Amino acid sequence: MEVKVMQDILGQNDAVAGALRQHLAAAGVYTLNLLGSPGAGKTSLLERTLAVLSGEMRIAVIEGDLFTTKDADRIAKTGVSVVQINTSGGCHLDAPMVEKALTDERLKIPGIDLLIIENVGNLVCPAEFDVGEDEKAVVLSVTEGNDKPMKYPLIFKESALTVINKVDLAPYTDFDVAAAREDIQTIHPGALVLPLSCRTGEGVEDWFAWLRARVKAKREGAGKDD
């Protein structure tokens, strides 16, 4: 019975997610579902990203968290439109939550090139729920340890890209970037792995280039002018 209930929940969620994806695609919006543990550096990565890319393209952010607007407040300081979703204890965002957020007047679609959904900090539940995104990306920090990809394989299997953050701290840990890359690409052959540091800026240009390419392809696919 529990399996059937879960199937029903996921089925209903996927129906909403599919409709959202069609709506966003028609508007030429590239949508990224950004995942990772609490403290991995998702919001810091967004802040650095918005400081650079918001001058090149129109970006909006949906922030998911259990409580407070702390992350949304940080993003708002960059001048980018942001809407906070509080799950009140829920461990992930789902498609109906994102559908409701997109009705907020601060998120004007069409009119956005890149929509980033920062999901609730968790390596388990968010991987199971489609929220209408084009792709998922996961942030893994070196302070979390090498074992995370093999312990939580679904989130790495579902993510087109893994950002290994805080590489500036790698000399002070036993994290092995090469070993982590091997594990991730064993779980998801062909997945891209980008080591970087939000703090120092090392490697962030590769992340920016990845996003630019995704946005450009989506825009061209929708016949959207620059």
# chains A, B, ... in the order shown; residues from 1 in each chain; ligands from 1
$ residues_around --residues "A:Ala17" --least-positions-apart "2" --cutoff "8 Å" --atoms "only C-alpha atoms" --output "list in words"
Asn13, Asp14, Ala15, Ala19, Leu20, Arg21, Ala95, Pro96, Asp130, Val131, Gly132 and Glu133 of chain A
$ residues_around --residues "stretch 186-202 of chain A" --least-positions-apart "5" --cutoff "7 Å" --atoms "only C-alpha atoms" --output "list of chain:residue names"
A:Ser44, A:Leu45, A:Arg48, A:Pro153, A:Phe156, A:Lys157, A:Ala160, A:Leu161, A:Thr162, A:Val163, A:Ile164, A:Asn165, A:Lys166, A:Val167, A:Asp168, A:Arg181
$ residues_around --residues "A:Glu47" --least-positions-apart "5" --cutoff "8 Å" --atoms "only C-alpha atoms" --output "VMD selection string"
chain A and resid 74 to 75 78
$ closest_residue --among "A:Tyr30, A:Asp65, A:Gln22, A:Leu115" --to "A:Glu220" --atoms "only C-alpha atoms"
A:Tyr30
$ closest_residue --among "A:Val29, A:Ala137, A:Cys91, A:Val83" --to "A:Leu107" --atoms "only C-alpha atoms"
A:Val83
$ atom_distance --atom1 "atom CA of A:Ala51" --atom2 "atom CA of A:Glu135"
22.1 Å
$ residues_around --residues "A:Ala179" --least-positions-apart "3" --cutoff "12 Å" --atoms "only C-alpha atoms" --output "PDB file with N, CA and C atoms, in the first residue's frame"
ATOM      1  N   VAL A 142      33.924  19.568  -0.481  1.00  0.00           N
ATOM      2  CA  VAL A 142      34.990  18.650  -0.063  1.00  0.00           C
ATOM      3  C   VAL A 142      34.902  18.330   1.424  1.00  0.00           C
ATOM      4  N   GLY A 145      33.110  14.834   2.406  1.00  0.00           N
ATOM      5  CA  GLY A 145      33.769  13.540   2.305  1.00  0.00           C
ATOM      6  C   GLY A 145      33.514  12.827   0.990  1.00  0.00           C
ATOM      7  N   ASN A 146      34.430  11.913   0.664  1.00  0.00           N
ATOM      8  CA  ASN A 146      34.390  11.170  -0.590  1.00  0.00           C
ATOM      9  C   ASN A 146      33.275  10.136  -0.679  1.00  0.00           C
ATOM     10  N   ASP A 147      32.712   9.765   0.454  1.00  0.00           N
ATOM     11  CA  ASP A 147      31.761   8.658   0.455  1.00  0.00           C
ATOM     12  C   ASP A 147      30.370   9.032  -0.039  1.00  0.00           C
ATOM     13  N   LYS A 148      30.064  10.311  -0.177  1.00  0.00           N
ATOM     14  CA  LYS A 148      28.685  10.728  -0.456  1.00  0.00           C
ATOM     15  C   LYS A 148      28.127  10.219  -1.780  1.00  0.00           C
ATOM     16  N   PRO A 149      28.876  10.238  -2.897  1.00  0.00           N
ATOM     17  CA  PRO A 149      28.282   9.733  -4.131  1.00  0.00           C
ATOM     18  C   PRO A 149      27.809   8.288  -4.032  1.00  0.00           C
ATOM     19  N   MET A 150      28.596   7.424  -3.423  1.00  0.00           N
ATOM     20  CA  MET A 150      28.206   6.025  -3.324  1.00  0.00           C
ATOM     21  C   MET A 150      27.137   5.791  -2.254  1.00  0.00           C
ATOM     22  N   ILE A 164      31.935  20.221  -7.458  1.00  0.00           N
ATOM     23  CA  ILE A 164      32.675  19.925  -6.225  1.00  0.00           C
ATOM     24  C   ILE A 164      33.190  21.252  -5.696  1.00  0.00           C
ATOM     25  N   ASP A 174      40.834  15.064   3.682  1.00  0.00           N
ATOM     26  CA  ASP A 174      41.316  13.891   2.959  1.00  0.00           C
ATOM     27  C   ASP A 174      40.483  13.637   1.706  1.00  0.00           C
ATOM     28  N   PHE A 175      39.784  14.674   1.235  1.00  0.00           N
ATOM     29  CA  PHE A 175      38.943  14.534   0.043  1.00  0.00           C
ATOM     30  C   PHE A 175      39.821  14.336  -1.183  1.00  0.00           C
ATOM     31  N   ASP A 176      39.455  13.352  -2.003  1.00  0.00           N
ATOM     32  CA  ASP A 176      40.198  13.025  -3.217  1.00  0.00           C
ATOM     33  C   ASP A 176      39.304  13.351  -4.414  1.00  0.00           C
ATOM     34  N   GLU A 182      35.612   9.726 -10.269  1.00  0.00           N
ATOM     35  CA  GLU A 182      35.459   8.345 -10.745  1.00  0.00           C
ATOM     36  C   GLU A 182      34.156   7.735 -10.228  1.00  0.00           C
ATOM     37  N   ASP A 183      33.850   7.945  -8.945  1.00  0.00           N
ATOM     38  CA  ASP A 183      32.617   7.400  -8.372  1.00  0.00           C
ATOM     39  C   ASP A 183      31.386   8.008  -9.048  1.00  0.00           C
ATOM     40  N   ILE A 184      31.409   9.317  -9.229  1.00  0.00           N
ATOM     41  CA  ILE A 184      30.259  10.006  -9.832  1.00  0.00           C
ATOM     42  C   ILE A 184      30.028   9.527 -11.257  1.00  0.00           C
ATOM     43  N   GLN A 185      31.106   9.377 -12.007  1.00  0.00           N
ATOM     44  CA  GLN A 185      30.960   8.960 -13.401  1.00  0.00           C
ATOM     45  C   GLN A 185      30.715   7.469 -13.543  1.00  0.00           C
ATOM     46  N   THR A 186      30.970   6.702 -12.500  1.00  0.00           N
ATOM     47  CA  THR A 186      30.542   5.307 -12.459  1.00  0.00           C
ATOM     48  C   THR A 186      29.027   5.247 -12.270  1.00  0.00           C
ATOM     49  N   VAL A 193      31.794  16.817 -14.146  1.00  0.00           N
ATOM     50  CA  VAL A 193      32.214  17.122 -12.776  1.00  0.00           C
ATOM     51  C   VAL A 193      33.102  18.356 -12.825  1.00  0.00           C
TER      52      VAL A 193
END
$ select_by_dssp --residues "stretch 4-39 of chain A" --states "strand (DSSP E or B)" --output "ChimeraX atom specification"
/A:30-36
$ closest_residue --among "A:Gly221, A:Gly203, A:Gly121, A:Gly111" --to "A:Val139" --atoms "only C-alpha atoms"
A:Gly121
$ atom_distance --atom1 "atom CA of A:Lys151" --atom2 "atom CA of A:Phe208"
28.6 Å
$ atom_distance --atom1 "atom CA of A:Met57" --atom2 "atom CA of A:Leu102"
18.7 Å
$ closest_residue --among "A:Asn119, A:Thr143, A:Thr69, A:Thr87" --to "A:Leu32" --atoms "only C-alpha atoms"
A:Asn119
$ residues_around --residues "A:Lys218" --least-positions-apart "2" --cutoff "12 Å" --atoms "only C-alpha atoms" --output "list in words"
Leu24, Ala25, Ala26, Ala27, Gly28, Val29, Tyr30, Thr31, Leu32, Ile112, Asp113, Leu114, Leu115, Asp134, Glu135, Leu211, Arg212, Ala213, Arg214, Val215, Lys216, Glu220, Gly221, Ala222, Gly223, Lys224, Asp225 and Asp226 of chain A
$ write_last_selection --atoms "N, CA, C and O atoms" --output "CSV table (one decimal), in the first residue's frame"
chain,number,residue,atom,x,y,z
A,24,LEU,N,7.6,26.4,-19.7
A,24,LEU,CA,8.9,27.1,-19.6
A,24,LEU,C,9.7,27.0,-20.9
A,24,LEU,O,10.3,28.0,-21.4
A,25,ALA,N,9.6,25.8,-21.5
A,25,ALA,CA,10.3,25.6,-22.8
A,25,ALA,C,9.7,26.5,-23.9
A,25,ALA,O,10.5,27.1,-24.7
A,26,ALA,N,8.4,26.7,-23.9
A,26,ALA,CA,7.8,27.6,-24.9
A,26,ALA,C,8.2,29.0,-24.8
A,26,ALA,O,8.3,29.8,-25.8
A,27,ALA,N,8.6,29.4,-23.5
A,27,ALA,CA,9.0,30.7,-23.3
A,27,ALA,C,10.5,30.9,-23.4
A,27,ALA,O,11.1,32.0,-23.2
A,28,GLY,N,11.2,29.8,-23.8
A,28,GLY,CA,12.7,29.8,-24.0
A,28,GLY,C,13.5,29.9,-22.7
A,28,GLY,O,14.6,30.4,-22.7
A,29,VAL,N,12.9,29.4,-21.6
A,29,VAL,CA,13.5,29.5,-20.3
A,29,VAL,C,14.3,28.2,-20.0
A,29,VAL,O,13.7,27.1,-20.0
A,30,TYR,N,15.6,28.3,-19.7
A,30,TYR,CA,16.3,27.2,-19.2
A,30,TYR,C,16.2,27.1,-17.7
A,30,TYR,O,16.5,28.1,-17.0
A,31,THR,N,15.7,26.0,-17.2
A,31,THR,CA,15.4,25.8,-15.8
A,31,THR,C,16.4,24.8,-15.2
A,31,THR,O,16.4,23.6,-15.6
A,32,LEU,N,17.1,25.2,-14.1
A,32,LEU,CA,18.0,24.3,-13.4
A,32,LEU,C,17.5,24.1,-12.0
A,32,LEU,O,17.2,25.0,-11.3
A,112,ILE,N,12.3,35.8,-18.9
A,112,ILE,CA,13.4,35.2,-18.1
A,112,ILE,C,14.2,34.3,-19.1
A,112,ILE,O,13.6,33.5,-19.9
A,113,ASP,N,15.5,34.3,-19.0
A,113,ASP,CA,16.3,33.4,-19.8
A,113,ASP,C,16.7,32.2,-18.9
A,113,ASP,O,16.8,31.0,-19.5
A,114,LEU,N,17.0,32.4,-17.7
A,114,LEU,CA,17.5,31.3,-16.8
A,114,LEU,C,16.7,31.4,-15.5
A,114,LEU,O,16.7,32.4,-14.8
A,115,LEU,N,16.1,30.2,-15.1
A,115,LEU,CA,15.4,30.1,-13.8
A,115,LEU,C,16.2,29.0,-13.0
A,115,LEU,O,16.3,27.9,-13.5
A,134,ASP,N,14.8,21.5,-16.6
A,134,ASP,CA,15.5,20.9,-17.8
A,134,ASP,C,16.5,19.9,-17.3
A,134,ASP,O,16.6,18.8,-17.8
A,135,GLU,N,17.3,20.3,-16.3
A,135,GLU,CA,18.3,19.4,-15.7
A,135,GLU,C,18.5,19.7,-14.2
A,135,GLU,O,18.1,20.7,-13.7
A,211,LEU,N,26.6,27.1,-17.9
A,211,LEU,CA,25.3,27.7,-17.9
A,211,LEU,C,25.0,28.5,-19.1
A,211,LEU,O,23.9,28.5,-19.7
A,212,ARG,N,26.0,29.3,-19.6
A,212,ARG,CA,25.8,30.1,-20.8
A,212,ARG,C,25.4,29.2,-22.0
A,212,ARG,O,24.5,29.5,-22.8
A,213,ALA,N,26.1,28.1,-22.1
A,213,ALA,CA,25.8,27.2,-23.2
A,213,ALA,C,24.3,26.6,-23.1
A,213,ALA,O,23.6,26.5,-24.1
A,214,ARG,N,23.9,26.3,-21.9
A,214,ARG,CA,22.5,25.8,-21.7
A,214,ARG,C,21.5,26.8,-22.1
A,214,ARG,O,20.5,26.5,-22.7
A,215,VAL,N,21.7,28.0,-21.6
A,215,VAL,CA,20.8,29.1,-21.9
A,215,VAL,C,20.7,29.4,-23.4
A,215,VAL,O,19.6,29.6,-23.9
A,216,LYS,N,21.9,29.5,-24.0
A,216,LYS,CA,21.9,29.7,-25.4
A,216,LYS,C,21.2,28.7,-26.2
A,216,LYS,O,20.4,29.0,-27.1
A,220,GLU,N,17.8,29.4,-28.5
A,220,GLU,CA,17.8,29.1,-29.9
A,220,GLU,C,16.7,28.1,-30.2
A,220,GLU,O,16.0,28.1,-31.3
A,221,GLY,N,16.5,27.1,-29.4
A,221,GLY,CA,15.5,26.1,-29.6
A,221,GLY,C,14.1,26.6,-29.6
A,221,GLY,O,13.2,26.1,-30.3
A,222,ALA,N,13.9,27.7,-28.8
A,222,ALA,CA,12.6,28.3,-28.8
A,222,ALA,C,12.4,29.4,-29.8
A,222,ALA,O,11.4,30.1,-29.9
A,223,GLY,N,13.5,29.7,-30.6
A,223,GLY,CA,13.4,30.8,-31.6
A,223,GLY,C,13.4,32.1,-30.9
A,223,GLY,O,12.8,33.1,-31.4
A,224,LYS,N,14.0,32.2,-29.7
A,224,LYS,CA,14.0,33.4,-29.0
A,224,LYS,C,15.1,34.4,-29.3
A,224,LYS,O,16.3,33.9,-29.3
A,225,ASP,N,14.9,35.6,-29.5
A,225,ASP,CA,15.9,36.6,-29.9
A,225,ASP,C,16.8,36.9,-28.7
A,225,ASP,O,16.3,36.9,-27.5
A,226,ASP,N,18.0,37.2,-28.9
A,226,ASP,CA,18.9,37.7,-27.8
A,226,ASP,C,18.4,39.0,-27.2
A,226,ASP,O,17.9,39.8,-28.0
$ decode --residues "stretch 160-184 of chain A" --atoms "N, CA and C atoms" --output "PDB file, in the first residue's frame"
ATOM      1  N   ALA A 160      22.947  16.121 -14.162  1.00  0.00           N
ATOM      2  CA  ALA A 160      23.792  16.236 -15.346  1.00  0.00           C
ATOM      3  C   ALA A 160      25.181  16.754 -14.991  1.00  0.00           C
ATOM      4  N   LEU A 161      25.257  17.463 -13.876  1.00  0.00           N
ATOM      5  CA  LEU A 161      26.510  18.098 -13.464  1.00  0.00           C
ATOM      6  C   LEU A 161      26.670  17.984 -11.958  1.00  0.00           C
ATOM      7  N   THR A 162      27.889  17.667 -11.536  1.00  0.00           N
ATOM      8  CA  THR A 162      28.241  17.754 -10.116  1.00  0.00           C
ATOM      9  C   THR A 162      29.296  18.836  -9.950  1.00  0.00           C
ATOM     10  N   VAL A 163      28.994  19.812  -9.123  1.00  0.00           N
ATOM     11  CA  VAL A 163      29.967  20.827  -8.728  1.00  0.00           C
ATOM     12  C   VAL A 163      30.627  20.361  -7.440  1.00  0.00           C
ATOM     13  N   ILE A 164      31.935  20.221  -7.458  1.00  0.00           N
ATOM     14  CA  ILE A 164      32.675  19.925  -6.225  1.00  0.00           C
ATOM     15  C   ILE A 164      33.190  21.252  -5.696  1.00  0.00           C
ATOM     16  N   ASN A 165      32.561  21.734  -4.646  1.00  0.00           N
ATOM     17  CA  ASN A 165      32.833  23.072  -4.116  1.00  0.00           C
ATOM     18  C   ASN A 165      33.838  23.019  -2.958  1.00  0.00           C
ATOM     19  N   LYS A 166      34.392  24.180  -2.663  1.00  0.00           N
ATOM     20  CA  LYS A 166      35.331  24.384  -1.553  1.00  0.00           C
ATOM     21  C   LYS A 166      36.653  23.664  -1.789  1.00  0.00           C
ATOM     22  N   VAL A 167      37.098  23.610  -3.070  1.00  0.00           N
ATOM     23  CA  VAL A 167      38.358  22.925  -3.341  1.00  0.00           C
ATOM     24  C   VAL A 167      39.543  23.649  -2.712  1.00  0.00           C
ATOM     25  N   ASP A 168      39.347  24.906  -2.320  1.00  0.00           N
ATOM     26  CA  ASP A 168      40.417  25.613  -1.610  1.00  0.00           C
ATOM     27  C   ASP A 168      40.697  24.987  -0.246  1.00  0.00           C
ATOM     28  N   LEU A 169      39.720  24.223   0.264  1.00  0.00           N
ATOM     29  CA  LEU A 169      39.892  23.547   1.557  1.00  0.00           C
ATOM     30  C   LEU A 169      40.408  22.125   1.409  1.00  0.00           C
ATOM     31  N   ALA A 170      40.527  21.648   0.185  1.00  0.00           N
ATOM     32  CA  ALA A 170      40.944  20.266  -0.041  1.00  0.00           C
ATOM     33  C   ALA A 170      42.265  19.904   0.643  1.00  0.00           C
ATOM     34  N   PRO A 171      43.273  20.804   0.652  1.00  0.00           N
ATOM     35  CA  PRO A 171      44.526  20.442   1.320  1.00  0.00           C
ATOM     36  C   PRO A 171      44.373  20.180   2.815  1.00  0.00           C
ATOM     37  N   TYR A 172      43.268  20.644   3.392  1.00  0.00           N
ATOM     38  CA  TYR A 172      43.059  20.481   4.830  1.00  0.00           C
ATOM     39  C   TYR A 172      42.106  19.330   5.140  1.00  0.00           C
ATOM     40  N   THR A 173      41.734  18.568   4.114  1.00  0.00           N
ATOM     41  CA  THR A 173      40.850  17.414   4.282  1.00  0.00           C
ATOM     42  C   THR A 173      41.495  16.215   3.586  1.00  0.00           C
ATOM     43  N   ASP A 174      40.834  15.064   3.682  1.00  0.00           N
ATOM     44  CA  ASP A 174      41.316  13.891   2.959  1.00  0.00           C
ATOM     45  C   ASP A 174      40.483  13.637   1.706  1.00  0.00           C
ATOM     46  N   PHE A 175      39.784  14.674   1.235  1.00  0.00           N
ATOM     47  CA  PHE A 175      38.943  14.534   0.043  1.00  0.00           C
ATOM     48  C   PHE A 175      39.821  14.336  -1.183  1.00  0.00           C
ATOM     49  N   ASP A 176      39.455  13.352  -2.003  1.00  0.00           N
ATOM     50  CA  ASP A 176      40.198  13.025  -3.217  1.00  0.00           C
ATOM     51  C   ASP A 176      39.304  13.351  -4.414  1.00  0.00           C
ATOM     52  N   VAL A 177      39.598  14.445  -5.099  1.00  0.00           N
ATOM     53  CA  VAL A 177      38.759  14.897  -6.212  1.00  0.00           C
ATOM     54  C   VAL A 177      38.712  13.855  -7.319  1.00  0.00           C
ATOM     55  N   ALA A 178      39.840  13.262  -7.643  1.00  0.00           N
ATOM     56  CA  ALA A 178      39.890  12.264  -8.710  1.00  0.00           C
ATOM     57  C   ALA A 178      39.039  11.047  -8.365  1.00  0.00           C
ATOM     58  N   ALA A 179      39.098  10.609  -7.113  1.00  0.00           N
ATOM     59  CA  ALA A 179      38.297   9.459  -6.686  1.00  0.00           C
ATOM     60  C   ALA A 179      36.811   9.794  -6.714  1.00  0.00           C
ATOM     61  N   ALA A 180      36.467  11.009  -6.290  1.00  0.00           N
ATOM     62  CA  ALA A 180      35.065  11.431  -6.319  1.00  0.00           C
ATOM     63  C   ALA A 180      34.554  11.477  -7.751  1.00  0.00           C
ATOM     64  N   ARG A 181      35.364  12.004  -8.660  1.00  0.00           N
ATOM     65  CA  ARG A 181      34.984  12.063 -10.076  1.00  0.00           C
ATOM     66  C   ARG A 181      34.726  10.649 -10.620  1.00  0.00           C
ATOM     67  N   GLU A 182      35.612   9.726 -10.269  1.00  0.00           N
ATOM     68  CA  GLU A 182      35.459   8.345 -10.745  1.00  0.00           C
ATOM     69  C   GLU A 182      34.156   7.735 -10.228  1.00  0.00           C
ATOM     70  N   ASP A 183      33.850   7.945  -8.945  1.00  0.00           N
ATOM     71  CA  ASP A 183      32.617   7.400  -8.372  1.00  0.00           C
ATOM     72  C   ASP A 183      31.386   8.008  -9.048  1.00  0.00           C
ATOM     73  N   ILE A 184      31.409   9.317  -9.229  1.00  0.00           N
ATOM     74  CA  ILE A 184      30.259  10.006  -9.832  1.00  0.00           C
ATOM     75  C   ILE A 184      30.028   9.527 -11.257  1.00  0.00           C
TER      76      ILE A 184
END
